[in-house]
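Colleague: Before we start, here is the structure in question, set down as structure tokens.
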Amino acid sequence: MRTASQDLSKEVAAAQAELAATLADLDERMLRDDALLELTATVEAAGRVVDALRLKTAGEVAFRSRRELGEDRLSAQKGCRNGVELLARITLASERTLTQRMRVGEATRPRTALTGDTLPAAFPAASAALRAGTLGYDSALAIIDTLAPIRARVGDLNLERAEHALVAAATGPTVESPLPFAADEVRGQARVWESVLDPDGTEPAEERAMNARGISAGLTRDGLVHRKMALLPEIDAKFETLLNAYLNPRSKPTFTDPDPDAPKDPRATAQARHDVFASLIDGAARSADAPRIGGAAPTVLVSVRQADLDQRCGSGFIEGCDAALSMAAVEQLVCAGGLQHALIGDDGRLVSLSTTDRVFNAQQRRAITLRDGGCIIPGCTIPAAWSEIHHVIAHRDGGETDVCNGVLLCWFHHRTIETSGWQILMIDGVPHVKPPPWLRNGRSDADTPWRRSTKSRTQLADLLERQPVLVE
Ligand SMILES: [Zn+2]
């Protein structure tokens with residue numbers, strides 16, 4: 001066995017250089033069919049060896065970076081949080097790929113007993129086949145990921161039986177087949193072994209689900225932040241119920257609309273669900289029970305250049321978020337959440353800082369809630385606690401942060417208030433709305449009356465009382 005790492009790296013580098021030369025010379029279009037297929041198979045075989053080397057190194061890095069070692073672990077010595085981060089710095093591969101490599105690498109790595117003796121790997125057959133270059137990475141992953149979670153329940157002997165059978169199927173002729181099975185077939189066979197060895201797997205499945213639950217960190221793509229959510233069924237049921245409760249039932253298309261005057265929701269269901277979620281988060285963040293950060297409710301800090309804000313172009317930026325914010329989003333946040341001016345000199349020095357103003361305070365919100373009861377757009381069912389307060393006359397146009405200039409709007413109606421066509425007018429301090437042209441039944445703007453709008457039940461009771469009641 002050779003140990004001089006310098007030599008090992010050199011050897012691999014020499015092999016890499018040879019492969020690189022082949023790659024540079026290769027014109028695959030010139031190959032005959034059979035030659036192309038032969039080359040494909042040979043390249044794959046070489047890839048299996050490279051993959052096995054990757055697994056070995058990743059497994060060893062994982063082992064040396066294991067948490068029990070505390071500050072002595074390799075990752076900490078190199079200034080990384082864990083093995084994945086260290087490997088990512090070196091390999092530039094994705095976290096997902098590296099986590100898999102570390103998992104398979106550790107499972108196929110010889111173990112050390114407390115006495116210092118070397119023990120076989122947790123998956124000895126897979127380990128040997130990887131070393132021989134006969135077992136592919138995908139098959140190894142399928143075998144280990146299916147069998148490792150059931151080891152504690154089915155016992156080492158059963159697991160060994162399954163592992164040997166699966167590695168045999170993946171690497172060479174068996175009684176069932178004259179040819180090795182491909183990775184997808186191996187995964188299928190592993191599932192069969194799992195169901196045979198661990199027939200009452202529902203309880204463990206729940207345990208697995210409990211371990212796998214989570215909401216991933218966001219990944220920014222195309223101006224959206226994508227998150228993966230793996231919710232436990234009961235949590236999802238609650239979430240779904242909550243979303244549906246506030247989804248406008250009229251947003252669903254029907255063939256016979258019972259109320260042709262009812263505003264139709266132009267949003268796709270998925271979009272409407274997103275917007276209910278937006279309001280829900282707003283409500284939770286504002287709730288008195290929400291944890292305070294430095295004395296203030298959880299606040300999202302957006303920075304924007306004054307010139308961009310004045311000209312209503314450009315974009316804003318949220319601390320810690322890759323995606324830029326559209327000016328419409330910035331304006332909405334300014335309207336509902338306030339603005340603080342920071343003047344920074346040419347030399348980068350903070351020259352002055354204004355206090356936050358133009359935010360409706362708690363008393364004002366309570367008063368507006370009493371008057372409006374919820375998002376004032378007719379047909380919208382978002383409750384007051386989840387709504388934002390909109391300056392009817394924008395601050396930049398001289399509008400004050402006063403109950404006579406603030407109305408409740410849900411996140412979606414607030415975001416789209418300038419483009420949706422809905423108009424809002426305060427008449428003697430009372431919110432009135434006018435629907436967009438497509439909801440006016442052909443009437444012109446002048447012929448469409450301003451209608452008072454409130455969702456407040458006390459206000460509605462008041463209004464009904466003042467209406468003449470017909471008594472027979
Ligand atoms: Zn609304």
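Just remember, in the structure tokens the first chain shown is A, the second B, etc., residues are 1-based per chain, and ligands are 1-based in the order shown.
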Within 8 Å of stretch 404-406 of chain A, counting only C-alpha atoms, which residues show up once you throw out same-chain ones fewer than 6 positions away? Write them as an MDAnalysis selection string, please.
Modeller: chainID A and resid 368 389:393 426 428:430
Colleague: For the residues in the current selection, export N, CA, C and O atoms as an mmCIF file, in the first residue's frame.
Modeller:
data_model
loop_
_atom_site.group_PDB
_atom_site.id
_atom_site.type_symbol
_atom_site.label_atom_id
_atom_site.label_comp_id
_atom_site.auth_asym_id
_atom_site.auth_seq_id
_atom_site.Cartn_x
_atom_site.Cartn_y
_atom_site.Cartn_z
ATOM 1 N N ILE A 368 -58.460 51.765 12.424
ATOM 2 C CA ILE A 368 -58.733 51.456 11.009
ATOM 3 C C ILE A 368 -59.366 50.072 10.899
ATOM 4 O O ILE A 368 -60.278 49.850 10.094
ATOM 5 N N ILE A 389 -51.690 48.297 5.855
ATOM 6 C CA ILE A 389 -52.384 49.584 5.766
ATOM 7 C C ILE A 389 -51.786 50.378 4.607
ATOM 8 O O ILE A 389 -50.581 50.589 4.531
ATOM 9 N N HIS A 390 -52.664 50.778 3.707
ATOM 10 C CA HIS A 390 -52.254 51.464 2.491
ATOM 11 C C HIS A 390 -52.526 52.952 2.643
ATOM 12 O O HIS A 390 -53.607 53.345 3.099
ATOM 13 N N HIS A 391 -51.524 53.768 2.275
ATOM 14 C CA HIS A 391 -51.758 55.211 2.225
ATOM 15 C C HIS A 391 -52.564 55.501 0.962
ATOM 16 O O HIS A 391 -52.062 55.311 -0.146
ATOM 17 N N VAL A 392 -53.814 55.942 1.107
ATOM 18 C CA VAL A 392 -54.654 56.188 -0.074
ATOM 19 C C VAL A 392 -53.999 57.262 -0.944
ATOM 20 O O VAL A 392 -53.865 57.109 -2.150
ATOM 21 N N ILE A 393 -53.596 58.349 -0.307
ATOM 22 C CA ILE A 393 -52.760 59.328 -1.024
ATOM 23 C C ILE A 393 -51.323 59.048 -0.582
ATOM 24 O O ILE A 393 -51.030 59.060 0.626
ATOM 25 N N MET A 426 -61.202 58.477 -0.160
ATOM 26 C CA MET A 426 -61.724 58.715 1.182
ATOM 27 C C MET A 426 -62.715 59.867 1.078
ATOM 28 O O MET A 426 -62.364 60.970 0.643
ATOM 29 N N ASP A 428 -65.024 62.085 3.447
ATOM 30 C CA ASP A 428 -65.224 62.406 4.865
ATOM 31 C C ASP A 428 -64.647 61.316 5.765
ATOM 32 O O ASP A 428 -65.286 60.884 6.734
ATOM 33 N N GLY A 429 -63.469 60.840 5.400
ATOM 34 C CA GLY A 429 -62.789 59.855 6.245
ATOM 35 C C GLY A 429 -63.329 58.444 6.105
ATOM 36 O O GLY A 429 -62.970 57.573 6.874
ATOM 37 N N VAL A 430 -64.203 58.228 5.111
ATOM 38 C CA VAL A 430 -64.760 56.886 4.935
ATOM 39 C C VAL A 430 -64.280 56.303 3.606
ATOM 40 O O VAL A 430 -64.402 56.955 2.563
#
Colleague: Hey, which residues sit close to ligand 1? Say within 10 Å, counting only C-alpha atoms and all ligand atoms, and write them as a list of chain:residue names.
Modeller: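 Sorted by chain and then by number, the residues are A:Asn248, A:Asp275, A:Val276, A:Ser279, A:Gly374, A:Cys375, A:Ile376, A:Ile377, A:Pro378, A:Gly379, A:Cys380, A:Thr381, A:Ile382, A:Pro383, A:Ala384, A:Trp386, A:Ser387, A:Glu388, A:Leu408, A:Leu409, A:Cys410, A:Trp411, A:Phe412, A:His413, A:His414, A:Arg415, A:Thr416, A:Ile417.
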Colleague: For the residues selected in the previous step, produce a file with N, CA, C and O atoms as a short mmCIF file (atom, residue, chain, number, x, y, z; two decimals), in the first residue's frame.
Modeller:
data_model
loop_
_atom_site.label_atom_id
_atom_site.label_comp_id
_atom_site.auth_asym_id
_atom_site.auth_seq_id
_atom_site.Cartn_x
_atom_site.Cartn_y
_atom_site.Cartn_z
N ASN A 248 -60.65 33.15 -1.99
CA ASN A 248 -61.95 33.59 -2.45
C ASN A 248 -62.61 32.46 -3.23
O ASN A 248 -62.10 32.04 -4.25
N ASP A 275 -50.60 34.35 -2.31
CA ASP A 275 -50.94 35.65 -1.75
C ASP A 275 -51.59 35.51 -0.37
O ASP A 275 -51.38 36.35 0.50
N VAL A 276 -52.38 34.45 -0.20
CA VAL A 276 -52.93 34.19 1.14
C VAL A 276 -51.77 33.93 2.10
O VAL A 276 -51.73 34.44 3.22
N SER A 279 -50.15 37.14 3.19
CA SER A 279 -50.92 37.85 4.21
C SER A 279 -50.79 37.16 5.56
O SER A 279 -50.70 37.81 6.60
N GLY A 374 -61.30 44.49 7.33
CA GLY A 374 -60.51 43.55 6.52
C GLY A 374 -60.15 44.25 5.23
O GLY A 374 -60.44 45.44 5.06
N CYS A 375 -59.52 43.54 4.30
CA CYS A 375 -59.19 44.14 3.00
C CYS A 375 -60.46 44.71 2.39
O CYS A 375 -61.47 44.02 2.28
N ILE A 376 -60.40 46.00 2.02
CA ILE A 376 -61.65 46.67 1.62
C ILE A 376 -62.06 46.39 0.18
O ILE A 376 -63.09 46.87 -0.27
N ILE A 377 -61.25 45.61 -0.56
CA ILE A 377 -61.66 45.30 -1.94
C ILE A 377 -62.83 44.32 -1.89
O ILE A 377 -62.74 43.26 -1.26
N PRO A 378 -63.96 44.66 -2.52
CA PRO A 378 -65.14 43.79 -2.46
C PRO A 378 -64.81 42.38 -2.93
O PRO A 378 -64.10 42.21 -3.91
N GLY A 379 -65.30 41.40 -2.22
CA GLY A 379 -65.09 40.01 -2.59
C GLY A 379 -63.86 39.40 -1.98
O GLY A 379 -63.68 38.19 -2.00
N CYS A 380 -62.98 40.23 -1.42
CA CYS A 380 -61.75 39.70 -0.81
C CYS A 380 -62.05 39.28 0.62
O CYS A 380 -62.78 39.97 1.34
N THR A 381 -61.49 38.14 1.02
CA THR A 381 -61.83 37.61 2.33
C THR A 381 -60.66 37.63 3.32
O THR A 381 -60.70 36.98 4.35
N ILE A 382 -59.60 38.35 2.98
CA ILE A 382 -58.46 38.40 3.90
C ILE A 382 -58.82 39.27 5.11
O ILE A 382 -59.25 40.41 4.96
N PRO A 383 -58.65 38.72 6.33
CA PRO A 383 -59.07 39.46 7.53
C PRO A 383 -58.12 40.61 7.86
O PRO A 383 -57.01 40.70 7.34
N ALA A 384 -58.59 41.46 8.76
CA ALA A 384 -57.85 42.67 9.11
C ALA A 384 -56.45 42.35 9.64
O ALA A 384 -55.48 43.01 9.28
N TRP A 386 -54.43 40.23 8.92
CA TRP A 386 -53.48 39.85 7.89
C TRP A 386 -53.31 40.92 6.82
O TRP A 386 -52.63 40.71 5.83
N SER A 387 -53.96 42.06 7.01
CA SER A 387 -53.93 43.08 5.96
C SER A 387 -52.87 44.13 6.26
O SER A 387 -52.47 44.33 7.41
N GLU A 388 -52.45 44.83 5.22
CA GLU A 388 -51.51 45.93 5.36
C GLU A 388 -52.31 47.23 5.34
O GLU A 388 -53.45 47.24 4.90
N LEU A 408 -57.28 49.32 4.96
CA LEU A 408 -56.76 47.96 4.97
C LEU A 408 -56.82 47.35 3.57
O LEU A 408 -57.84 47.42 2.90
N LEU A 409 -55.69 46.80 3.15
CA LEU A 409 -55.64 46.04 1.90
C LEU A 409 -54.81 44.77 2.16
O LEU A 409 -53.81 44.84 2.88
N CYS A 410 -55.22 43.68 1.57
CA CYS A 410 -54.42 42.46 1.70
C CYS A 410 -53.16 42.63 0.85
O CYS A 410 -53.06 43.55 0.04
N TRP A 411 -52.22 41.73 1.04
CA TRP A 411 -50.95 41.86 0.32
C TRP A 411 -51.16 41.99 -1.19
O TRP A 411 -50.58 42.86 -1.85
N PHE A 412 -52.00 41.13 -1.76
CA PHE A 412 -52.17 41.11 -3.21
C PHE A 412 -52.84 42.39 -3.71
O PHE A 412 -52.38 43.00 -4.68
N HIS A 413 -53.92 42.82 -3.04
CA HIS A 413 -54.60 44.02 -3.52
C HIS A 413 -53.76 45.26 -3.30
O HIS A 413 -53.87 46.23 -4.03
N HIS A 414 -52.88 45.21 -2.28
CA HIS A 414 -51.98 46.33 -2.06
C HIS A 414 -50.93 46.38 -3.18
O HIS A 414 -50.68 47.42 -3.76
N ARG A 415 -50.36 45.20 -3.48
CA ARG A 415 -49.32 45.15 -4.50
C ARG A 415 -49.85 45.62 -5.86
O ARG A 415 -49.14 46.24 -6.63
N THR A 416 -51.12 45.32 -6.14
CA THR A 416 -51.63 45.58 -7.49
C THR A 416 -52.53 46.81 -7.55
O THR A 416 -53.17 47.05 -8.57
N ILE A 417 -52.56 47.59 -6.45
CA ILE A 417 -53.56 48.66 -6.41
C ILE A 417 -53.38 49.68 -7.54
O ILE A 417 -54.34 50.28 -8.02
#
Colleague: Hey, which of A:Leu179, A:Val154, A:Ile235, A:Ala212 ends up closest to A:Glu194? Count only C-alpha atoms.
Modeller: A:Val154
Colleague: With only C-alpha atoms as the atoms that count, which of A:Leu39, A:Ala132, A:Ala169, A:Ile90 lies nearest to A:Thr57?
Modeller: A:Ile90
Colleague: List as a PyMOL selection string the protein and nucleic acid residues near A:Ile143, meaning an atom at most 7 Å away when only C-alpha atoms are counted, but skip any in the same chain fewer than 5 places from it.
Modeller: chain A and resi 163+166+187+190
Colleague: So that I can check the secondary structure, give me every residue of stretch 258-404 of chain A assigned alpha helix (DSSP H) by backbone DSSP, as a count of residues only.
Modeller: 46
Colleague: Any chance you could list, as an MDAnalysis selection string, the residues in stretch 245-446 of chain A that come up strand (DSSP E or B) when DSSP is run on the backbone?
Modeller: chainID A and resid 293 296 302:303 315:318 324:326 339 342:344 350:353 357 374 383 388:391 406:409 423:427 430:434
Colleague: Pick the closest to A:Ala182 from A:Ala142, A:Thr220, A:Ala17, A:Leu439: which is it, counting only C-alpha atoms?
Modeller: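 Checking each candidate against A:Ala182, we get A:Ala142 as the closest.
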Colleague: Of the candidates A:Glu106, A:Thr269, A:Gln100, A:Glu95, which shows the shortest atom-to-atom distance to A:Ala62, using only C-alpha atoms?
Modeller: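 With only C-alpha atoms as the atom set, the closest residue is A:Glu106.
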Colleague: From the options A:Leu197, A:Thr134, A:Val192, A:Ser453, which residue's atoms come nearest to A:Ala168, counting only C-alpha atoms?
Modeller: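 The closest residue to A:Ala168 is A:Thr134.
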Colleague: Kindly indicate which residue among A:Arg305, A:Arg457, A:Arg191, A:His432 lies nearest to A:Pro149, using only C-alpha atoms for the distances.
Modeller: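 Between A:Arg305, A:Arg457, A:Arg191, A:His432, the residue approaching A:Pro149 most closely is A:Arg191.
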Colleague: Can you pull out the residues contacting A:Ala88? Cut-off 10 Å, using only C-alpha atoms, and skip same-chain residues under 5 positions away; I want them as a ChimeraX atom specification.
Modeller: /A:80,83,93-95,97-99
Colleague: Show which residues sit within 9 Å of A:Ala170, as a list in words. Count only C-alpha atoms, and ignore same-chain residues fewer than 6 positions away.
Modeller: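 In the requested format, the answer is Thr134, Leu135, Gly136, Ser139, Ala140, Leu179, Pro180, Phe181, Ala182, Ala183, Glu185 and Val186 of chain A.
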Colleague: Since we have the selection now, will you write its residues out, keeping N, CA, C and O atoms, as a PDB file, in the first residue's frame?
Modeller:
ATOM      1  N   THR A 134     -16.436  -2.261 -10.326  1.00  0.00           N
ATOM      2  CA  THR A 134     -17.553  -2.916 -11.008  1.00  0.00           C
ATOM      3  C   THR A 134     -18.904  -2.347 -10.600  1.00  0.00           C
ATOM      4  O   THR A 134     -19.873  -2.467 -11.347  1.00  0.00           O
ATOM      5  N   LEU A 135     -18.979  -1.744  -9.435  1.00  0.00           N
ATOM      6  CA  LEU A 135     -20.255  -1.201  -8.968  1.00  0.00           C
ATOM      7  C   LEU A 135     -20.322   0.290  -9.282  1.00  0.00           C
ATOM      8  O   LEU A 135     -19.427   1.051  -8.924  1.00  0.00           O
ATOM      9  N   GLY A 136     -21.393   0.686  -9.957  1.00  0.00           N
ATOM     10  CA  GLY A 136     -21.572   2.100 -10.306  1.00  0.00           C
ATOM     11  C   GLY A 136     -22.071   2.891  -9.107  1.00  0.00           C
ATOM     12  O   GLY A 136     -22.644   2.353  -8.161  1.00  0.00           O
ATOM     13  N   SER A 139     -25.961   2.776  -8.414  1.00  0.00           N
ATOM     14  CA  SER A 139     -26.406   1.528  -7.801  1.00  0.00           C
ATOM     15  C   SER A 139     -25.981   1.468  -6.340  1.00  0.00           C
ATOM     16  O   SER A 139     -26.754   1.058  -5.472  1.00  0.00           O
ATOM     17  N   ALA A 140     -24.751   1.890  -6.058  1.00  0.00           N
ATOM     18  CA  ALA A 140     -24.274   1.899  -4.675  1.00  0.00           C
ATOM     19  C   ALA A 140     -25.171   2.777  -3.813  1.00  0.00           C
ATOM     20  O   ALA A 140     -25.577   2.405  -2.706  1.00  0.00           O
ATOM     21  N   LEU A 179     -26.929 -10.632 -17.437  1.00  0.00           N
ATOM     22  CA  LEU A 179     -26.258  -9.330 -17.469  1.00  0.00           C
ATOM     23  C   LEU A 179     -26.498  -8.583 -16.162  1.00  0.00           C
ATOM     24  O   LEU A 179     -27.489  -8.829 -15.473  1.00  0.00           O
ATOM     25  N   PRO A 180     -25.605  -7.668 -15.813  1.00  0.00           N
ATOM     26  CA  PRO A 180     -25.850  -6.871 -14.601  1.00  0.00           C
ATOM     27  C   PRO A 180     -27.111  -6.020 -14.773  1.00  0.00           C
ATOM     28  O   PRO A 180     -27.481  -5.662 -15.895  1.00  0.00           O
ATOM     29  N   PHE A 181     -27.746  -5.692 -13.672  1.00  0.00           N
ATOM     30  CA  PHE A 181     -28.920  -4.824 -13.705  1.00  0.00           C
ATOM     31  C   PHE A 181     -28.484  -3.359 -13.667  1.00  0.00           C
ATOM     32  O   PHE A 181     -27.474  -3.015 -13.037  1.00  0.00           O
ATOM     33  N   ALA A 182     -29.279  -2.506 -14.314  1.00  0.00           N
ATOM     34  CA  ALA A 182     -29.001  -1.065 -14.276  1.00  0.00           C
ATOM     35  C   ALA A 182     -29.471  -0.492 -12.938  1.00  0.00           C
ATOM     36  O   ALA A 182     -30.246  -1.105 -12.213  1.00  0.00           O
ATOM     37  N   ALA A 183     -28.986   0.728 -12.638  1.00  0.00           N
ATOM     38  CA  ALA A 183     -29.207   1.330 -11.316  1.00  0.00           C
ATOM     39  C   ALA A 183     -30.685   1.414 -10.944  1.00  0.00           C
ATOM     40  O   ALA A 183     -31.051   1.162  -9.791  1.00  0.00           O
ATOM     41  N   GLU A 185     -33.117  -0.520 -11.884  1.00  0.00           N
ATOM     42  CA  GLU A 185     -33.601  -1.854 -11.538  1.00  0.00           C
ATOM     43  C   GLU A 185     -33.078  -2.258 -10.160  1.00  0.00           C
ATOM     44  O   GLU A 185     -33.779  -2.896  -9.377  1.00  0.00           O
ATOM     45  N   VAL A 186     -31.829  -1.895  -9.882  1.00  0.00           N
ATOM     46  CA  VAL A 186     -31.252  -2.212  -8.579  1.00  0.00           C
ATOM     47  C   VAL A 186     -32.045  -1.526  -7.475  1.00  0.00           C
ATOM     48  O   VAL A 186     -32.345  -2.118  -6.435  1.00  0.00           O
TER      49      VAL A 186
END
Colleague: I'd like the neighbourhood of A:Phe277 as an NGL selection string, where a residue qualifies if any of its atoms comes within 10 Å (using only C-alpha atoms), though same-chain residues fewer than 4 positions away should be ignored.
Modeller: :A and (239 or 242-243 or 246 or 271-273 or 281-283 or 386 or 411)
Colleague: Would you write out those residues with C-alpha atoms, as a short mmCIF file (atom, residue, chain, number, x, y, z; two decimals), in the first residue's frame?
Modeller:
data_model
loop_
_atom_site.label_atom_id
_atom_site.label_comp_id
_atom_site.auth_asym_id
_atom_site.auth_seq_id
_atom_site.Cartn_x
_atom_site.Cartn_y
_atom_site.Cartn_z
CA PHE A 239 -51.87 24.72 6.16
CA LEU A 242 -55.97 27.80 6.38
CA LEU A 243 -55.19 28.64 2.75
CA TYR A 246 -59.19 32.58 2.91
CA GLN A 271 -50.96 32.49 -7.23
CA ALA A 272 -53.93 33.15 -4.98
CA ARG A 273 -52.58 30.59 -2.53
CA ILE A 281 -46.99 35.70 7.31
CA ASP A 282 -47.65 39.41 7.65
CA GLY A 283 -50.26 38.74 10.27
CA TRP A 386 -53.48 39.85 7.89
CA TRP A 411 -50.95 41.86 0.32
#
Colleague: Could you pull the residues within 6 Å of stretch 420-425 of chain A, counting only C-alpha atoms, minus those fewer than 6 positions along the same chain, as a JSON list (two decimals) with all heavy atoms, in the first residue's frame?
Modeller:
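Result file follows (selection29.json):
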[["chain", "number", "residue", "atom", "x", "y", "z"],
["A", 431, "PRO", "N", -63.71, 55.09, 3.61],
["A", 431, "PRO", "CA", -63.21, 54.52, 2.36],
["A", 431, "PRO", "C", -64.33, 54.19, 1.38],
["A", 431, "PRO", "O", -65.32, 53.56, 1.77],
["A", 431, "PRO", "CB", -62.51, 53.22, 2.80],
["A", 431, "PRO", "CG", -62.45, 53.26, 4.28],
["A", 431, "PRO", "CD", -63.48, 54.21, 4.76],
["A", 432, "HIS", "N", -64.15, 54.64, 0.15],
["A", 432, "HIS", "CA", -65.07, 54.30, -0.94],
["A", 432, "HIS", "C", -64.25, 53.68, -2.06],
["A", 432, "HIS", "O", -63.11, 54.06, -2.28],
["A", 432, "HIS", "CB", -65.79, 55.55, -1.46],
["A", 432, "HIS", "CG", -66.85, 56.05, -0.53],
["A", 432, "HIS", "ND1", -66.56, 56.57, 0.71],
["A", 432, "HIS", "CD2", -68.21, 56.10, -0.66],
["A", 432, "HIS", "CE1", -67.69, 56.91, 1.32],
["A", 432, "HIS", "NE2", -68.71, 56.64, 0.51],
["A", 433, "VAL", "N", -64.84, 52.73, -2.78],
["A", 433, "VAL", "CA", -64.11, 52.10, -3.88],
["A", 433, "VAL", "C", -64.92, 52.16, -5.16],
["A", 433, "VAL", "O", -66.14, 52.26, -5.14],
["A", 433, "VAL", "CB", -63.75, 50.62, -3.57],
["A", 433, "VAL", "CG1", -62.83, 50.51, -2.38],
["A", 433, "VAL", "CG2", -64.99, 49.79, -3.37],
["A", 434, "LYS", "N", -64.17, 52.08, -6.26],
["A", 434, "LYS", "CA", -64.79, 52.03, -7.59],
["A", 434, "LYS", "C", -64.11, 50.87, -8.32],
["A", 434, "LYS", "O", -62.89, 50.78, -8.33],
["A", 434, "LYS", "CB", -64.54, 53.34, -8.31],
["A", 434, "LYS", "CG", -65.54, 53.64, -9.42],
["A", 434, "LYS", "CD", -65.14, 54.87, -10.19],
["A", 434, "LYS", "CE", -65.88, 56.10, -9.67],
["A", 434, "LYS", "NZ", -65.82, 57.24, -10.65],
["A", 435, "PRO", "N", -64.91, 49.96, -8.91],
["A", 435, "PRO", "CA", -64.30, 48.79, -9.54],
["A", 435, "PRO", "C", -63.58, 49.13, -10.85],
["A", 435, "PRO", "O", -63.85, 50.18, -11.44],
["A", 435, "PRO", "CB", -65.49, 47.86, -9.81],
["A", 435, "PRO", "CG", -66.68, 48.74, -9.80],
["A", 435, "PRO", "CD", -66.37, 49.93, -8.95],
["A", 436, "PRO", "N", -62.71, 48.27, -11.29],
["A", 436, "PRO", "CA", -62.01, 48.50, -12.57],
["A", 436, "PRO", "C", -62.99, 48.40, -13.74],
["A", 436, "PRO", "O", -64.09, 47.85, -13.58],
["A", 436, "PRO", "CB", -60.99, 47.37, -12.62],
["A", 436, "PRO", "CG", -61.45, 46.35, -11.65],
["A", 436, "PRO", "CD", -62.25, 47.05, -10.63]]
Colleague: Mind giving me the straight-line distance from atom CA of A:His274 to atom CA of A:Ala362 in Å, one decimal?
Modeller: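 If I compute the distance from atom CA of A:His274 to atom CA of A:Ala362, I get 26.5 Å.
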